[in-house]
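Comments concern the structure below.
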Amino acid sequence: MSDALLNTLAEALADVVISIDTCDDDVLDPDTAVKWLETTGSLLDRLPPADRRELARLFRRTARRYAEGARRDELLRIPDGFGLDDDQHELYCDAIEHIERRFVATVREADPAAPVTTCPGWTFADLVRHHGTTHRWMEHLVRTRACERVRSREIPLDLPDDPAAYPDWLARGADSVLGMLRKVDPDTPMWSNGADQRVAYFPRRLLFEALVHLADAELSLGRAPSIDPGTAADGIEEFLENLPYFSWLAEPVSRLANGSVVLTATDTGASWTAAFGEVGFRWSKSATSEPSVRVEGPAGDLLLLTYGRRSADDPHFRVTGDASVLASWLAATAF
């Protein structure tokens with residue numbers, strides 16, 4: 001793409017952002033404006049760090065074409081408003097560190113033999129062993145820059161004999177994988193089991209693995225999980241992006257009859273549509289006008305529904321439409 005085209009696109013986007021951000025409420029519905037800006041921010045978050053920095057540079061170049069004044073100031077605020085200078089890779093790593101500390105502290109309080117209510121047949125020892133295995137698997141993949149699939153069973157675990165020592169083992173694994181992720185350029189190409197074939201795939205994937213398994217522990221201890229709505233929204237999108245690459249989900253989804261499910265977050269206004277059937281699976285960050293079924297609820301609870309940690313009849317949700325389509329979708333995507 002030529003420099004002239006990049007500059008023109010950046011200037012056009014900047015003009016649209018400012019127009020929407022400063023539009024009078026009687027011209028543009030405020031909720032629509034917020035939703036558009038949030039959607040744009042979410043799309044920009046998916047750009048590699050180098051592209052985000054380049055876009056910030058182009059916005060600032062556009063601003064410098066204007067004389068000092070309100071217009072120039074508004075343009076200069078765009079990179080900060082979208083966090084284009086933020087290091088998304090490091091932000092994911094920071095979020096993982098926070099969640100892993102909570103996870104370790106939570107499982108220390110539990111009897112290793114106690115059941116995990118959200119994972120039938122599992123004990124807390126099983127939950128910790130599973131998540132700790134994920135740490136060591138990801139650390140190995142990133143350290144070796146794997147170019148093909150490596151099974152987790154092929155990775156040395158150094159698992160303690162005593163389940164009471166599992167929390168310390170879990171903490172060591174979390175520190176190890178985070179140390180590795182923070183050392184490697186996120187744009188480094190490598191194998192992954194998802195859509196993104198770069199190192200950048202792994203911190204995002206690990207964050208939601210940790211977040212959902214923390215919820216497993218908290219729910220099993222009778223506690224209500226607390227999930228940031230923005231993080232939950234990213235988690236729903238990460239799940240939908242990777243679903244076609246997870247064979248154990250893609251195959252049962254491919255057998256579903258024609259239908260569509262719309263998830264709408266009541267605390268943020270964001271919506272997602274998952275459609276499936278004869279034309280295959282597809283999703284979008286919007287609400288189709290006539291879905292088979294619609295589910296409304298807080299973003300954090302929708303994330304837990306997506307992962308099968310809450311049921312559709314939970315009082316957190318309002319379900320309208322064909323509940324059988326939702327039941328079929330949830331059964332096919334059970335993680």
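To be explicit about the labels: the chains of the structure tokens are called A, B, and onward in the order shown, and within each one the residues are counted from 1, while ligands get numbers from 1 in the order they are shown.
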### Message
For Leu6 (chain A), find every residue with an atom within 12 Å (counting only C-alpha atoms), except residues of its own chain fewer than 2 positions away, and show them as number ranges by chain.
### Response
A: 1-4, 8-13, 51, 54-59, 61-62
### Task
Pull the helix (DSSP H, G or I) assignments for region 197-308 of chain A out of DSSP run on the backbone, and list those residues as a count of residues only.
53
So that I can see what lies close to Pro203 (chain A), please list as a compact mmCIF listing (two decimals) with N, CA and C atoms, in the first residue's frame the residues with an atom at most 10 Å from it, counting only C-alpha atoms and leaving out residues fewer than 5 positions away in the same chain.
# COMPACT_ATOMS: atom_id res chain seq x y z
N GLN A 88 0.14 -3.74 23.42
CA GLN A 88 -0.93 -4.70 23.70
C GLN A 88 -0.39 -6.03 24.23
N HIS A 89 0.74 -6.44 23.71
CA HIS A 89 1.36 -7.69 24.16
C HIS A 89 1.66 -7.60 25.66
N GLU A 90 2.26 -6.49 26.07
CA GLU A 90 2.60 -6.34 27.49
C GLU A 90 1.35 -6.18 28.34
N LEU A 91 0.33 -5.52 27.79
CA LEU A 91 -0.93 -5.39 28.54
C LEU A 91 -1.56 -6.75 28.80
N TYR A 92 -1.51 -7.64 27.81
CA TYR A 92 -2.01 -9.00 28.02
C TYR A 92 -1.18 -9.71 29.09
N CYS A 93 0.13 -9.55 29.02
CA CYS A 93 0.99 -10.20 30.01
C CYS A 93 0.71 -9.67 31.41
N ASP A 94 0.50 -8.36 31.53
CA ASP A 94 0.18 -7.78 32.84
C ASP A 94 -1.14 -8.34 33.37
N ALA A 95 -2.13 -8.46 32.48
CA ALA A 95 -3.43 -8.99 32.89
C ALA A 95 -3.31 -10.45 33.32
N ILE A 96 -2.52 -11.22 32.59
CA ILE A 96 -2.30 -12.62 32.97
C ILE A 96 -1.68 -12.70 34.36
N MET A 138 2.76 -23.91 26.68
CA MET A 138 2.95 -22.65 25.97
C MET A 138 4.39 -22.15 26.08
N VAL A 177 6.19 -18.99 32.01
CA VAL A 177 5.62 -18.68 30.71
C VAL A 177 5.54 -17.17 30.50
N LEU A 178 5.24 -16.41 31.56
CA LEU A 178 5.20 -14.96 31.42
C LEU A 178 6.59 -14.40 31.11
N LEU A 181 7.14 -15.10 27.42
CA LEU A 181 6.32 -14.27 26.55
C LEU A 181 6.84 -12.83 26.50
N ARG A 182 7.32 -12.34 27.62
CA ARG A 182 7.78 -10.95 27.68
C ARG A 182 9.13 -10.76 26.98
N PRO A 186 6.30 -10.16 19.84
CA PRO A 186 4.99 -10.78 19.58
C PRO A 186 4.71 -11.01 18.10
N PHE A 208 -7.46 -15.85 28.71
CA PHE A 208 -8.83 -16.34 28.85
C PHE A 208 -8.88 -17.76 29.39
N GLU A 209 -7.83 -18.54 29.15
CA GLU A 209 -7.72 -19.82 29.85
C GLU A 209 -7.67 -19.58 31.36
### Message
Quick one: residues within 8 Å of Glu218 (chain A), only C-alpha atoms, excluding same-chain residues fewer than 6 positions away - as a ChimeraX atom specification?
### Response
/A:106,224-225
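Among the candidates A:Leu75, A:Ala270, A:Val104, A:Ala331, the residue lying nearest to Ala33 (chain A) is A:Ala270 (atoms considered: only C-alpha atoms).
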### Task
Show which residues sit within 10 Å of Tyr307 (chain A), as a list of chain:residue names. Count only C-alpha atoms, and ignore same-chain residues fewer than 3 positions away.
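Non-adjacent residues within range: A:Val212, A:Gly235, A:Ile236, A:Phe239, A:Asp301, A:Leu302, A:Leu303, A:Leu304, A:Arg310, A:Ser311, A:Leu330, A:Thr333, A:Ala334, A:Phe335.
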Would you export the selected residues with C-alpha atoms as a PDB file, in the first residue's frame, please?
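The resulting file, result23.pdb, is reproduced below:
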ATOM      1  CA  VAL A 212     -12.215 -19.021  32.884  1.00  0.00           C
ATOM      2  CA  GLY A 235     -12.718 -12.957  25.425  1.00  0.00           C
ATOM      3  CA  ILE A 236     -15.955 -13.552  23.529  1.00  0.00           C
ATOM      4  CA  PHE A 239     -13.402 -17.475  21.334  1.00  0.00           C
ATOM      5  CA  ASP A 301     -21.652 -13.581  32.370  1.00  0.00           C
ATOM      6  CA  LEU A 302     -21.923 -13.881  28.578  1.00  0.00           C
ATOM      7  CA  LEU A 303     -18.270 -14.939  28.515  1.00  0.00           C
ATOM      8  CA  LEU A 304     -19.016 -17.618  31.112  1.00  0.00           C
ATOM      9  CA  ARG A 310     -23.252 -20.532  33.166  1.00  0.00           C
ATOM     10  CA  SER A 311     -26.433 -22.049  31.795  1.00  0.00           C
ATOM     11  CA  LEU A 330     -24.033 -24.332  23.542  1.00  0.00           C
ATOM     12  CA  THR A 333     -19.346 -25.349  21.578  1.00  0.00           C
ATOM     13  CA  ALA A 334     -18.884 -26.830  25.058  1.00  0.00           C
ATOM     14  CA  PHE A 335     -15.250 -26.022  25.864  1.00  0.00           C
TER      15      PHE A 335
END
### d(CA of Ile78 (chain A), CA of Ala63 (chain A)) in Å
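Separating CA of Ile78 (chain A) from CA of Ala63 (chain A) is a distance of 9.7 Å.
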### Query
Out of region 49-203 of chain A, which residues get strand (DSSP E or B) from DSSP, as number ranges by chain?
A: 115, 123, 189, 198
### Message
What's around Arg149 (chain A) at 10 Å? Count only C-alpha atoms, leave out sequence neighbours fewer than 2 positions away in its own chain, and write the answer as a count of residues only.
### Response
8
### Summary
Using only C-alpha atoms, the best pick from A:Ala274, A:Val128, A:Val116, A:Val17 as closest to Glu241 (chain A) would be A:Ala274
### Within 9 Å of region 133-137 of chain A using only C-alpha atoms, minus same-chain residues under 6 positions, as an MDAnalysis selection string
chainID A and resid 150:157 170 173:178 206 209
### Task
Find the distance between CA of Val295 (chain A) and CA of Asp322 (chain A) and write it in Å to one decimal.
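Result for CA of Val295 (chain A) versus CA of Asp322 (chain A): 10.6 Å, one decimal.
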### Query
Looking at only C-alpha atoms, which of A:Asp29, A:Arg145, A:Thr273, A:Pro229 is the one that sits closest to Pro189 (chain A)?
A:Arg145
### Query
Between CA of Trp122 (chain A) and CA of His140 (chain A), what is the spacing in Å?
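Computing the Euclidean distance for CA of His140 (chain A) and CA of Trp122 (chain A) yields 25.5 Å.
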### Task
Could you tell me which of A:Ala105, A:Gly308, A:Thr22, A:Gly41 comes closest to Ala70 (chain A) if we count only C-alpha atoms?
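Nearest candidate to Ala70 (chain A) out of A:Ala105, A:Gly308, A:Thr22, A:Gly41: A:Thr22.
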